[in-house]
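Next comes query-v1.cif, with mmCIF, C-alpha atoms and all ligand atoms.
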data_run
loop_
_atom_site.label_atom_id
_atom_site.label_comp_id
_atom_site.auth_asym_id
_atom_site.auth_seq_id
_atom_site.Cartn_x
_atom_site.Cartn_y
_atom_site.Cartn_z
CA MET A 214 -69.77 -42.32 38.16
CA LYS A 215 -67.12 -44.76 39.28
CA ALA A 216 -63.92 -43.24 40.65
CA ILE A 217 -60.87 -44.28 42.64
CA ILE A 218 -61.12 -42.39 45.91
CA TYR A 219 -58.06 -41.94 48.12
CA ASP A 220 -59.08 -42.77 51.67
CA LYS A 221 -56.20 -41.83 53.93
CA GLU A 222 -57.97 -43.30 56.99
CA SER A 223 -58.17 -46.75 55.43
CA LYS A 224 -55.94 -49.22 57.27
CA GLU A 225 -55.40 -51.41 54.19
CA GLU A 226 -55.62 -50.26 50.57
CA LYS A 227 -56.18 -46.49 50.39
CA LEU A 228 -57.19 -46.30 46.71
CA ILE A 229 -60.76 -47.59 46.64
CA LEU A 230 -63.28 -47.89 43.79
CA LYS A 231 -66.46 -46.00 44.75
CA GLU A 232 -69.60 -44.60 43.17
CA VAL A 233 -69.58 -40.77 43.46
CA LEU A 234 -71.50 -37.89 41.91
CA LYS A 235 -70.59 -37.02 38.34
CA PRO A 236 -69.08 -33.48 38.40
CA LEU A 237 -70.73 -30.50 36.67
CA PRO A 238 -68.61 -28.01 34.72
CA SER A 239 -68.67 -24.34 35.78
CA GLU A 240 -68.61 -21.61 33.12
CA ASN A 241 -64.90 -21.98 32.16
CA GLU A 242 -64.70 -25.74 32.61
CA ILE A 243 -64.99 -28.80 30.43
CA LEU A 244 -66.51 -32.14 31.47
CA VAL A 245 -64.56 -35.01 29.91
CA LYS A 246 -65.57 -38.66 29.73
CA VAL A 247 -62.24 -40.26 30.53
CA HIS A 248 -61.13 -43.15 28.31
CA ALA A 249 -57.60 -43.51 29.65
CA ALA A 250 -55.33 -42.03 32.31
CA SER A 251 -51.70 -42.72 33.07
CA VAL A 252 -49.92 -43.03 36.39
CA ASN A 253 -47.01 -40.76 37.35
CA ALA A 254 -44.59 -40.55 40.25
CA ALA A 255 -46.47 -37.31 41.05
CA ASP A 256 -49.49 -39.43 42.06
CA TYR A 257 -47.75 -41.60 44.65
CA ARG A 258 -45.32 -38.89 45.79
CA SER A 259 -48.30 -36.57 46.51
CA MET A 260 -49.95 -39.41 48.49
CA GLN A 261 -46.72 -39.93 50.47
CA MET A 262 -46.48 -36.19 51.22
CA GLY A 263 -50.17 -35.97 52.21
CA ILE A 264 -51.01 -33.60 49.34
CA ILE A 265 -54.49 -34.87 48.47
CA PRO A 266 -56.62 -33.42 45.66
CA LYS A 267 -59.84 -31.67 46.73
CA HIS A 268 -62.08 -34.48 45.47
CA LYS A 269 -59.62 -37.17 46.65
CA ILE A 270 -59.22 -38.49 43.10
CA PHE A 271 -55.64 -38.77 41.76
CA GLY A 272 -54.63 -39.08 38.10
CA ALA A 273 -53.04 -36.15 36.23
CA ASP A 274 -52.63 -37.48 32.68
CA VAL A 275 -56.00 -37.88 30.99
CA ALA A 276 -57.36 -38.57 27.50
CA GLY A 277 -61.08 -38.57 26.78
CA THR A 278 -64.08 -37.11 24.96
CA ILE A 279 -65.80 -33.83 25.85
CA GLU A 280 -69.30 -34.47 27.21
CA ALA A 281 -70.27 -30.91 28.26
CA ILE A 282 -68.77 -27.42 28.31
CA GLY A 283 -69.31 -24.30 30.44
CA LYS A 284 -70.88 -21.25 28.79
CA ASN A 285 -67.56 -19.32 28.52
CA VAL A 286 -65.60 -22.13 26.89
CA MET A 287 -64.45 -20.82 23.50
CA ASN A 288 -62.04 -23.28 21.95
CA PHE A 289 -63.67 -26.69 22.37
CA SER A 290 -66.97 -28.39 21.51
CA VAL A 291 -68.91 -31.37 22.81
CA GLY A 292 -67.54 -34.52 21.14
CA ASP A 293 -63.96 -33.23 20.80
CA GLU A 294 -61.28 -35.74 21.82
CA VAL A 295 -58.86 -34.12 24.24
CA VAL A 296 -55.79 -34.79 26.35
CA GLY A 297 -54.35 -32.90 29.29
CA ASP A 298 -52.11 -32.82 32.35
CA LEU A 299 -54.45 -31.96 35.23
CA SER A 300 -51.76 -31.76 37.93
CA GLY A 301 -52.31 -28.00 38.09
CA HIS A 302 -56.10 -28.41 37.98
CA GLY A 303 -56.83 -30.69 40.94
CA PHE A 304 -56.01 -34.08 39.31
CA GLY A 305 -59.14 -36.32 39.00
CA GLY A 306 -58.23 -38.65 36.11
CA PHE A 307 -58.76 -41.99 37.88
CA ALA A 308 -62.51 -41.74 37.28
CA GLN A 309 -65.10 -42.10 34.54
CA TYR A 310 -65.52 -38.31 34.26
CA VAL A 311 -63.38 -35.31 35.16
CA ILE A 312 -63.78 -31.54 34.94
CA ALA A 313 -60.99 -29.04 34.41
CA ASN A 314 -60.57 -25.52 33.12
CA GLU A 315 -60.46 -25.11 29.35
CA SER A 316 -56.79 -24.06 29.64
CA ALA A 317 -55.78 -27.59 30.71
CA TRP A 318 -56.74 -29.31 27.46
CA VAL A 319 -55.47 -29.77 23.93
CA LEU A 320 -57.11 -31.64 21.05
CA LYS A 321 -56.03 -35.27 20.71
CA PRO A 322 -54.91 -36.15 17.17
CA LYS A 323 -57.38 -38.73 15.82
CA SER A 324 -54.63 -41.13 14.79
CA ILE A 325 -53.40 -41.55 18.38
CA SER A 326 -55.29 -43.99 20.62
CA PHE A 327 -56.64 -42.83 23.98
CA ASP A 328 -54.24 -45.15 25.84
CA MET A 329 -51.31 -43.72 23.95
CA ALA A 330 -52.46 -40.10 24.34
CA ALA A 331 -52.91 -40.53 28.10
CA SER A 332 -49.34 -41.77 28.39
CA VAL A 333 -47.91 -38.58 26.91
CA PRO A 334 -48.49 -35.42 29.00
CA MET A 335 -46.41 -35.28 32.17
CA SER A 336 -43.52 -37.59 31.27
CA SER A 337 -42.89 -36.28 27.78
CA VAL A 338 -43.21 -32.60 28.75
CA THR A 339 -40.75 -33.22 31.61
CA ALA A 340 -38.31 -34.85 29.18
CA LEU A 341 -38.68 -31.98 26.69
CA GLN A 342 -38.21 -29.30 29.35
CA ALA A 343 -35.13 -31.12 30.72
CA LEU A 344 -33.51 -31.24 27.27
CA ARG A 345 -34.42 -27.62 26.64
CA LYS A 346 -32.95 -26.56 30.00
CA GLY A 347 -29.75 -28.38 28.97
CA ASN A 348 -29.79 -26.43 25.69
CA VAL A 349 -29.28 -29.64 23.70
CA LYS A 350 -27.73 -29.20 20.25
CA PRO A 351 -27.15 -31.53 17.27
CA GLY A 352 -24.05 -33.67 17.66
CA GLN A 353 -23.76 -33.12 21.40
CA LYS A 354 -23.09 -36.06 23.68
CA VAL A 355 -26.00 -36.63 26.05
CA LEU A 356 -26.01 -39.14 28.92
CA ILE A 357 -29.43 -40.25 30.14
CA CYS A 358 -29.37 -42.00 33.52
CA GLY A 359 -32.60 -43.97 33.90
CA GLY A 360 -33.77 -44.28 30.30
CA GLY A 361 -36.24 -47.10 30.86
CA GLY A 362 -39.17 -45.41 32.59
CA GLY A 363 -41.90 -42.94 31.63
CA VAL A 364 -39.69 -39.84 31.43
CA GLY A 365 -36.62 -41.75 30.20
CA THR A 366 -38.24 -43.40 27.17
CA PHE A 367 -39.42 -39.98 25.97
CA ALA A 368 -36.06 -38.34 26.80
CA VAL A 369 -34.11 -40.86 24.70
CA GLN A 370 -36.41 -40.35 21.71
CA LEU A 371 -36.48 -36.57 21.99
CA ALA A 372 -32.69 -36.33 22.38
CA LYS A 373 -32.34 -38.45 19.22
CA HIS A 374 -34.92 -36.23 17.51
CA PHE A 375 -32.66 -33.24 18.32
CA ASN A 376 -29.79 -35.20 16.71
CA ALA A 377 -27.78 -35.66 19.89
CA GLU A 378 -25.50 -38.68 20.40
CA VAL A 379 -27.29 -40.53 23.18
CA THR A 380 -25.75 -42.79 25.80
CA VAL A 381 -28.29 -44.35 28.11
CA VAL A 382 -27.88 -46.04 31.50
CA CYS A 383 -30.48 -48.74 32.18
CA GLY A 384 -30.90 -52.19 33.68
CA ILE A 385 -30.57 -55.43 31.68
CA LYS A 386 -34.29 -55.79 30.93
CA ASN A 387 -34.42 -52.35 29.25
CA VAL A 388 -31.50 -52.91 26.89
CA ASN A 389 -33.79 -54.15 24.07
CA ILE A 390 -36.15 -51.19 24.39
CA MET A 391 -33.22 -48.78 24.31
CA GLN A 392 -31.98 -50.43 21.12
CA GLN A 393 -35.46 -50.08 19.59
CA LEU A 394 -35.47 -46.39 20.53
CA ASN A 395 -32.14 -45.98 18.69
CA ALA A 396 -29.96 -45.07 21.66
CA ASP A 397 -26.38 -44.83 20.32
CA HIS A 398 -24.68 -46.41 23.35
CA ILE A 399 -26.21 -48.45 26.16
CA ILE A 400 -24.63 -48.92 29.58
CA ASN A 401 -26.20 -51.77 31.55
CA TYR A 402 -25.91 -50.64 35.16
CA ASN A 403 -25.98 -54.27 36.37
CA THR A 404 -22.56 -54.95 34.88
CA ASP A 405 -21.07 -51.59 33.92
CA SER A 406 -20.99 -47.91 34.88
CA PHE A 407 -20.54 -44.60 33.06
CA LEU A 408 -17.90 -43.87 35.71
CA LYS A 409 -15.66 -46.54 34.20
CA LYS A 410 -15.69 -44.84 30.78
CA ASP A 411 -13.46 -42.08 29.48
CA ASP A 412 -16.39 -40.41 27.68
CA ARG A 413 -17.30 -36.86 28.71
CA PHE A 414 -20.76 -35.42 28.08
CA ASP A 415 -22.21 -32.03 27.13
CA LEU A 416 -25.41 -32.84 28.97
CA ILE A 417 -26.45 -35.39 31.59
CA LEU A 418 -30.12 -35.98 32.40
CA ALA A 419 -30.32 -37.59 35.85
CA ILE A 420 -33.78 -39.14 35.58
CA ASN A 421 -33.42 -42.17 37.81
CA GLY A 422 -30.77 -43.75 39.99
CA ASN A 423 -28.65 -42.43 42.80
CA TYR A 424 -25.19 -41.18 41.90
CA LEU A 425 -22.92 -38.72 43.66
CA LEU A 426 -23.16 -35.21 42.24
CA SER A 427 -19.36 -35.29 41.99
CA ASP A 428 -19.66 -38.35 39.70
CA TYR A 429 -21.90 -36.40 37.34
CA LYS A 430 -19.45 -33.50 37.50
CA LYS A 431 -16.55 -35.77 36.56
CA ALA A 432 -18.46 -37.14 33.56
CA LEU A 433 -19.22 -33.65 32.14
CA LYS A 434 -17.20 -31.74 29.56
CA SER A 435 -15.87 -28.41 30.80
CA GLN A 436 -18.95 -26.35 29.78
CA GLY A 437 -21.39 -29.23 30.37
CA MET A 438 -24.57 -29.29 32.41
CA VAL A 439 -26.33 -31.91 34.52
CA VAL A 440 -30.09 -31.55 34.82
CA ILE A 441 -31.43 -33.35 37.89
CA VAL A 442 -34.90 -34.57 36.97
CA GLY A 443 -35.61 -37.31 39.51
CA GLY A 444 -34.21 -40.43 41.09
CA SER A 445 -33.69 -41.19 44.72
CA LEU A 446 -34.83 -38.67 47.30
CA SER A 447 -31.28 -38.38 48.62
CA GLN A 448 -29.97 -37.41 45.16
CA LEU A 449 -32.69 -34.73 44.88
CA LEU A 450 -32.00 -33.36 48.35
CA LYS A 451 -28.24 -33.27 47.72
CA SER A 452 -28.73 -31.37 44.47
CA LEU A 453 -30.99 -28.82 46.15
CA SER A 454 -28.70 -28.34 49.17
CA PHE A 455 -25.14 -28.59 47.79
CA GLY A 456 -25.62 -28.49 44.00
CA LYS A 457 -24.86 -24.80 43.47
CA LEU A 458 -21.79 -24.94 45.73
CA LEU A 459 -20.33 -28.03 44.11
CA PHE A 460 -20.87 -26.66 40.60
CA LEU A 461 -19.31 -23.22 41.05
CA GLY A 462 -16.99 -23.51 38.01
CA SER A 463 -17.80 -23.82 34.32
CA LYS A 464 -19.81 -27.03 34.73
CA LYS A 465 -23.44 -26.38 35.61
CA LEU A 466 -26.13 -28.17 37.62
CA HIS A 467 -29.83 -27.45 37.32
CA THR A 468 -32.61 -29.08 39.34
CA LEU A 469 -35.67 -29.30 37.10
CA SER A 470 -39.16 -28.46 38.22
CA ALA A 471 -41.19 -29.26 35.12
CA LYS A 472 -44.38 -27.25 34.54
CA PRO A 473 -47.47 -28.44 32.64
CA SER A 474 -47.51 -26.73 29.25
CA THR A 475 -50.16 -27.18 26.59
CA ALA A 476 -47.74 -25.76 24.00
CA ASP A 477 -45.12 -28.40 24.85
CA LEU A 478 -47.79 -31.11 24.96
CA GLN A 479 -48.97 -30.11 21.48
CA THR A 480 -45.39 -30.22 20.18
CA ILE A 481 -44.99 -33.78 21.41
CA LEU A 482 -48.41 -34.97 20.22
CA GLN A 483 -47.41 -33.72 16.78
CA LEU A 484 -44.17 -35.75 16.95
CA VAL A 485 -46.20 -38.80 18.00
CA GLU A 486 -48.63 -38.22 15.14
CA GLN A 487 -45.69 -37.99 12.72
CA LYS A 488 -44.30 -41.22 14.25
CA LYS A 489 -41.08 -39.43 15.24
CA VAL A 490 -41.77 -40.30 18.89
CA THR A 491 -43.59 -43.43 20.08
CA PRO A 492 -44.97 -43.66 23.63
CA VAL A 493 -43.78 -46.87 25.27
CA ILE A 494 -46.57 -48.47 27.28
CA ASP A 495 -45.55 -51.12 29.78
CA ARG A 496 -49.01 -52.21 31.00
CA CYS A 497 -52.68 -51.21 30.95
CA TYR A 498 -54.86 -51.81 34.02
CA PRO A 499 -58.65 -51.46 34.36
CA LEU A 500 -59.95 -48.74 36.71
CA ASN A 501 -60.66 -51.16 39.58
CA GLN A 502 -56.97 -52.15 39.57
CA THR A 503 -55.63 -48.60 39.91
CA ALA A 504 -54.08 -49.42 43.30
CA GLU A 505 -52.11 -52.29 41.69
CA ALA A 506 -51.02 -49.95 38.87
CA VAL A 507 -49.78 -47.29 41.31
CA ASN A 508 -47.98 -49.92 43.40
CA TYR A 509 -46.33 -51.32 40.29
CA LEU A 510 -45.02 -47.89 39.26
CA LYS A 511 -43.89 -47.19 42.83
CA GLN A 512 -41.54 -50.20 42.69
CA GLY A 513 -39.46 -48.11 40.25
CA HIS A 514 -38.97 -50.61 37.44
CA ALA A 515 -41.74 -49.86 34.95
CA GLN A 516 -40.71 -50.04 31.31
CA GLY A 517 -42.24 -46.88 29.88
CA LYS A 518 -45.73 -45.81 30.98
CA VAL A 519 -48.41 -47.47 33.11
CA VAL A 520 -51.92 -46.74 31.82
CA ILE A 521 -55.39 -47.07 33.37
CA ASN A 522 -57.97 -47.95 30.73
CA ILE A 523 -61.18 -46.43 32.11
CA ASP A 524 -63.49 -47.81 29.43
CA GLN A 525 -63.06 -51.24 30.96
CA ALA A 526 -64.85 -49.80 34.02
CA GLU A 527 -68.19 -50.01 32.15
CA SER A 528 -68.25 -53.72 32.86
CA LEU A 529 -67.36 -53.44 36.54
CA PRO A 530 -69.73 -54.70 39.23
CA LYS A 531 -71.82 -52.16 41.21
CA VAL A 532 -69.84 -50.56 44.03
CA LEU A 533 -70.57 -48.62 47.23
N1 LIG A 601 -38.33 -32.72 38.05
C1 LIG A 601 -39.57 -32.84 37.63
O1 LIG A 601 -40.27 -31.87 37.39
C2 LIG A 601 -40.13 -34.24 37.44
C3 LIG A 601 -41.28 -34.47 36.67
C4 LIG A 601 -41.70 -35.78 36.48
C5 LIG A 601 -41.03 -36.84 37.10
N2 LIG A 601 -39.95 -36.56 37.89
C6 LIG A 601 -39.17 -37.63 38.53
O2 LIG A 601 -38.44 -38.29 37.52
C7 LIG A 601 -38.18 -39.63 37.94
C8 LIG A 601 -38.52 -40.56 36.81
O3 LIG A 601 -39.92 -40.57 36.60
P1 LIG A 601 -40.54 -41.71 35.71
O4 LIG A 601 -41.97 -41.41 35.58
O5 LIG A 601 -39.73 -41.94 34.51
O6 LIG A 601 -40.32 -42.94 36.69
P2 LIG A 601 -40.50 -44.48 36.40
O7 LIG A 601 -41.29 -44.67 35.15
O8 LIG A 601 -41.00 -45.11 37.63
O9 LIG A 601 -39.00 -45.00 36.16
C9 LIG A 601 -38.79 -46.35 36.15
C10 LIG A 601 -37.50 -46.64 35.40
O10 LIG A 601 -36.37 -46.19 36.14
C11 LIG A 601 -35.30 -47.10 35.90
N3 LIG A 601 -34.35 -47.13 37.00
C12 LIG A 601 -34.60 -47.38 38.30
N4 LIG A 601 -33.44 -47.33 39.00
C13 LIG A 601 -32.45 -47.04 38.11
C14 LIG A 601 -31.05 -46.85 38.20
N5 LIG A 601 -30.41 -46.95 39.36
N6 LIG A 601 -30.36 -46.54 37.08
C15 LIG A 601 -30.99 -46.44 35.89
N7 LIG A 601 -32.31 -46.62 35.74
C16 LIG A 601 -33.04 -46.91 36.83
C17 LIG A 601 -35.99 -48.43 35.80
O11 LIG A 601 -35.21 -49.27 35.00
P3 LIG A 601 -34.68 -50.68 35.57
O12 LIG A 601 -35.89 -51.53 35.83
O13 LIG A 601 -33.81 -51.15 34.47
O14 LIG A 601 -33.94 -50.35 36.85
C18 LIG A 601 -37.33 -48.13 35.16
O15 LIG A 601 -37.33 -48.36 33.78
C19 LIG A 601 -38.99 -39.86 39.22
O16 LIG A 601 -38.09 -39.74 40.30
C20 LIG A 601 -39.99 -38.70 39.22
O17 LIG A 601 -40.36 -38.34 40.51
C21 LIG A 601 -39.49 -35.29 38.06
#
Kindly present the structure from the file in C-alpha cells form.
Ligand SMILES: NC(=O)c1ccc[n+]([C@@H]2O[C@H](COP(=O)([O-])OP(=O)(O)OC[C@H]3O[C@@H](n4cnc5c(N)ncnc54)[C@H](OP(=O)(O)O)[C@@H]3O)[C@@H](O)[C@H]2O)c1
Amino acid sequence: MKAIIYDKESKEEKLILKEVLKPLPSENEILVKVHAASVNAADYRSMQMGIIPKHKIFGADVAGTIEAIGKNVMNFSVGDEVVGDLSGHGFGGFAQYVIANESAWVLKPKSISFDMAASVPMSSVTALQALRKGNVKPGQKVLICGGGGGVGTFAVQLAKHFNAEVTVVCGIKNVNIMQQLNADHIINYNTDSFLKKDDRFDLILAINGNYLLSDYKKALKSQGMVVIVGGSLSQLLKSLSFGKLLFLGSKKLHTLSAKPSTADLQTILQLVEQKKVTPVIDRCYPLNQTAEAVNYLKQGHAQGKVVINIDQAESLPKVL
C-alpha cells in the first residue's frame, strides 16, 4: 500500500510517500481501507516532540471502509463504513490502509461523506469536552478565543447548540465563517480586543492565541471558568505552572487534556447527521501532498479542517 512515512533522518522533507506492506489485523483488530484522514496539531506537535508512531505513519482522524476483521471482533462487519480517532491506537491514517483495535471505531452515518467524517473526531470531541468541562448552560455568555480553526469551528457550533450566547475572537478572514456559524458577537482581533469591552463571561475557551492569564481572569464573571485548550506554547506553559495560583478565588482555570471518546464522537456524528453541526473543511489534499497539508496547518491559519483524500492516491505514480 502507499503510505506517508515519517523519516526523521531525512535532511529535507520528512513526510515521504512510500510503498509499504499492507497491515494484517490481529484477533481484536479491524483493517480499514482509508478514504479520508484529517490533519491535527497532534500530528505536527508529536513530530516536533519526537513522539513517532511505531509504523512511522501519522494521521489520527480516519474515515474508511472495513476490509477485514480479526476473529474476536464482535460489533463490526466487512463493508461497514467507519470513523475513528486513532491517536490512542498508534495513528496510521496517512495511508491507504490502517489497522486499529475494534474499540477505536464507530459506524459512519451513510449521509456523511468520508471527507466530512474524517474531519470530525479529534477537533469536535476536544470542543465538546472543553464545553462540558466549563459546564456550559443555556443563556450563558461564552467567549471563544480562536474560533476559526478545527477545534474553534466545532466549539462555536456546539456552544450555540447548547443555547449559549457566543462571542468569538477571530481574524478578519474568519468573520464571514463565524457569521455563517451563527456566532452572536464577533471580535476581529486585527482591529479590536475583548479586553476593550465591558462584557464579562461565564466561560472562556482559550483555543488559539496568546493572552495573559490575568486578561482571561479579568474578562470572567465572578464564578466563571477559563478552559485552556490550546494556543501558543507559552500560554499553555503559563497555565500549567501558574494557573492554579492565579485562580485561587471564585474564578476557575482548567487546562484541558482531551481524550478520544467513541461515545462523544457518536454524539457529534449524530448532530452532523441532523445538520445541527456542519464540519468546516478548509482544503482537501491528495495523499502525496500530505507534507504540504501538515505545513499548511502548522502555519496556524487554517479555516476549519484540513483533509487528506486518500482515494486520490489510486492514481498516483509508482513509488519506492
Ligand atoms: N487540550 C487538548 O486536549 C487539545 C486537543 C486538540 C487540540 N488542541 C490545541 O488546540 C489548538 C487549536 O487546534 P486547532 O486544530 O483548532 O488548530 P488550527 O486549526 O490550526 O487553528 C487555526 C485557527 O486559529 C486561529 N488563530 C490563530 N491565531 C489566533 C489568535 N491570536 N487569535 C484568534 N484566533 C487565532 C486562526 O485564525 P486566523 O487565521 O484568523 O488567525 C485559524 O483559524 C492547538 O493549539 C492545538 O494544539 C488541544
Kindly assemble as JSON lines a list of the chain A residues that lie within 6 Å of ligand LIG 601 (chain A), each paired with its nearest atom pair and their distance in Å to one decimal, using only C-alpha atoms and all ligand atoms, sorted first by chain and then by ascending residue number.
{"residue": "A:Asn253", "atom": "CA", "partner": "A:LIG601", "partner_atom": "O4", "distance": 5.4}
{"residue": "A:Ala254", "atom": "CA", "partner": "A:LIG601", "partner_atom": "O17", "distance": 4.8}
{"residue": "A:Ser336", "atom": "CA", "partner": "A:LIG601", "partner_atom": "C4", "distance": 5.8}
{"residue": "A:Thr339", "atom": "CA", "partner": "A:LIG601", "partner_atom": "C3", "distance": 5.2}
{"residue": "A:Cys358", "atom": "CA", "partner": "A:LIG601", "partner_atom": "C15", "distance": 5.3}
{"residue": "A:Gly359", "atom": "CA", "partner": "A:LIG601", "partner_atom": "N7", "distance": 3.2}
{"residue": "A:Gly361", "atom": "CA", "partner": "A:LIG601", "partner_atom": "O15", "distance": 3.4}
{"residue": "A:Gly362", "atom": "CA", "partner": "A:LIG601", "partner_atom": "O7", "distance": 3.4}
{"residue": "A:Gly363", "atom": "CA", "partner": "A:LIG601", "partner_atom": "O5", "distance": 3.7}
{"residue": "A:Val364", "atom": "CA", "partner": "A:LIG601", "partner_atom": "O5", "distance": 3.7}
{"residue": "A:Gly365", "atom": "CA", "partner": "A:LIG601", "partner_atom": "O5", "distance": 5.3}
{"residue": "A:Val382", "atom": "CA", "partner": "A:LIG601", "partner_atom": "C15", "distance": 5.4}
{"residue": "A:Cys383", "atom": "CA", "partner": "A:LIG601", "partner_atom": "C15", "distance": 4.4}
{"residue": "A:Gly384", "atom": "CA", "partner": "A:LIG601", "partner_atom": "O13", "distance": 3.2}
{"residue": "A:Lys386", "atom": "CA", "partner": "A:LIG601", "partner_atom": "O13", "distance": 5.9}
{"residue": "A:Asn387", "atom": "CA", "partner": "A:LIG601", "partner_atom": "O13", "distance": 5.4}
{"residue": "A:Ile420", "atom": "CA", "partner": "A:LIG601", "partner_atom": "C7", "distance": 5.0}
{"residue": "A:Asn421", "atom": "CA", "partner": "A:LIG601", "partner_atom": "C16", "distance": 4.9}
{"residue": "A:Gly422", "atom": "CA", "partner": "A:LIG601", "partner_atom": "N5", "distance": 3.3}
{"residue": "A:Asn423", "atom": "CA", "partner": "A:LIG601", "partner_atom": "N5", "distance": 5.9}
{"residue": "A:Val442", "atom": "CA", "partner": "A:LIG601", "partner_atom": "N1", "distance": 4.0}
{"residue": "A:Gly443", "atom": "CA", "partner": "A:LIG601", "partner_atom": "O16", "distance": 3.6}
{"residue": "A:Gly444", "atom": "CA", "partner": "A:LIG601", "partner_atom": "O16", "distance": 4.0}
{"residue": "A:Leu469", "atom": "CA", "partner": "A:LIG601", "partner_atom": "N1", "distance": 4.4}
{"residue": "A:Ser470", "atom": "CA", "partner": "A:LIG601", "partner_atom": "O1", "distance": 3.7}
{"residue": "A:Ala471", "atom": "CA", "partner": "A:LIG601", "partner_atom": "O1", "distance": 3.6}
{"residue": "A:Leu510", "atom": "CA", "partner": "A:LIG601", "partner_atom": "O8", "distance": 5.2}
{"residue": "A:Gly513", "atom": "CA", "partner": "A:LIG601", "partner_atom": "O8", "distance": 4.3}
{"residue": "A:His514", "atom": "CA", "partner": "A:LIG601", "partner_atom": "O12", "distance": 3.6}
{"residue": "A:Ala515", "atom": "CA", "partner": "A:LIG601", "partner_atom": "C9", "distance": 4.7}
{"residue": "A:Gln516", "atom": "CA", "partner": "A:LIG601", "partner_atom": "O15", "distance": 4.5}
{"residue": "A:Gly517", "atom": "CA", "partner": "A:LIG601", "partner_atom": "O7", "distance": 5.8}
Please produce a file of the residues just selected, as a PDB file, keeping the file's coordinate frame, where the atoms kept are C-alpha atoms.
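Dumped everything to selection37.pdb:
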ATOM      1  CA  ASN A 253     -47.010 -40.760  37.350  1.00  0.00           C
ATOM      2  CA  ALA A 254     -44.590 -40.550  40.250  1.00  0.00           C
ATOM      3  CA  SER A 336     -43.520 -37.590  31.270  1.00  0.00           C
ATOM      4  CA  THR A 339     -40.750 -33.220  31.610  1.00  0.00           C
ATOM      5  CA  CYS A 358     -29.370 -42.000  33.520  1.00  0.00           C
ATOM      6  CA  GLY A 359     -32.600 -43.970  33.900  1.00  0.00           C
ATOM      7  CA  GLY A 361     -36.240 -47.100  30.860  1.00  0.00           C
ATOM      8  CA  GLY A 362     -39.170 -45.410  32.590  1.00  0.00           C
ATOM      9  CA  GLY A 363     -41.900 -42.940  31.630  1.00  0.00           C
ATOM     10  CA  VAL A 364     -39.690 -39.840  31.430  1.00  0.00           C
ATOM     11  CA  GLY A 365     -36.620 -41.750  30.200  1.00  0.00           C
ATOM     12  CA  VAL A 382     -27.880 -46.040  31.500  1.00  0.00           C
ATOM     13  CA  CYS A 383     -30.480 -48.740  32.180  1.00  0.00           C
ATOM     14  CA  GLY A 384     -30.900 -52.190  33.680  1.00  0.00           C
ATOM     15  CA  LYS A 386     -34.290 -55.790  30.930  1.00  0.00           C
ATOM     16  CA  ASN A 387     -34.420 -52.350  29.250  1.00  0.00           C
ATOM     17  CA  ILE A 420     -33.780 -39.140  35.580  1.00  0.00           C
ATOM     18  CA  ASN A 421     -33.420 -42.170  37.810  1.00  0.00           C
ATOM     19  CA  GLY A 422     -30.770 -43.750  39.990  1.00  0.00           C
ATOM     20  CA  ASN A 423     -28.650 -42.430  42.800  1.00  0.00           C
ATOM     21  CA  VAL A 442     -34.900 -34.570  36.970  1.00  0.00           C
ATOM     22  CA  GLY A 443     -35.610 -37.310  39.510  1.00  0.00           C
ATOM     23  CA  GLY A 444     -34.210 -40.430  41.090  1.00  0.00           C
ATOM     24  CA  LEU A 469     -35.670 -29.300  37.100  1.00  0.00           C
ATOM     25  CA  SER A 470     -39.160 -28.460  38.220  1.00  0.00           C
ATOM     26  CA  ALA A 471     -41.190 -29.260  35.120  1.00  0.00           C
ATOM     27  CA  LEU A 510     -45.020 -47.890  39.260  1.00  0.00           C
ATOM     28  CA  GLY A 513     -39.460 -48.110  40.250  1.00  0.00           C
ATOM     29  CA  HIS A 514     -38.970 -50.610  37.440  1.00  0.00           C
ATOM     30  CA  ALA A 515     -41.740 -49.860  34.950  1.00  0.00           C
ATOM     31  CA  GLN A 516     -40.710 -50.040  31.310  1.00  0.00           C
ATOM     32  CA  GLY A 517     -42.240 -46.880  29.880  1.00  0.00           C
TER      33      GLY A 517
END
Interatomic distance (Å, one decimal) between CA of Ile279 in chain A and CA of Phe327 in chain A: 13.0 Å
Distance of CA of Phe367 in chain A from CA of Lys323 in chain A, expressed in Å to one decimal place: 20.7 Å
Sphere at (-61.2, -31.2, 25.4), radius 9 Å, counting all atoms listed in the file: residues as a list in words: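 Looking at atoms near the point gives Ile243, Leu244, Val245, Ala276, Gly277, Thr278, Ile279, Glu280, Ile282, Asn288, Phe289, Ser290, Val291, Gly292, Asp293, Glu294, Val295, Val296, Gly297, Glu315, Ala317, Trp318, Val319, Leu320 and Lys321 of chain A.
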Interatomic distance (Å, one decimal) between CA of Lys410 in chain A and CA of Ala340 in chain A: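 Here the two named atoms are 24.8 Å from each other.
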Residue with smallest distance to Val311 in chain A - pool A:Leu356, A:Met260, A:Cys497, A:Ala216, counting all atoms listed in the file: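 For Val311 in chain A, the nearest of the candidates is A:Ala216.
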Exercise: residues within 7 Å of coordinate (-51.4, -45.7, 34.0), counting all atoms listed in the file, as number ranges by chain: A: 250-252, 497, 506, 518-521
Could those residues be written to a file, using C-alpha atoms, as a compact mmCIF listing (two decimals), keeping the file's coordinate frame?
# COMPACT_ATOMS: atom_id res chain seq x y z
CA ALA A 250 -55.33 -42.03 32.31
CA SER A 251 -51.70 -42.72 33.07
CA VAL A 252 -49.92 -43.03 36.39
CA CYS A 497 -52.68 -51.21 30.95
CA ALA A 506 -51.02 -49.95 38.87
CA LYS A 518 -45.73 -45.81 30.98
CA VAL A 519 -48.41 -47.47 33.11
CA VAL A 520 -51.92 -46.74 31.82
CA ILE A 521 -55.39 -47.07 33.37
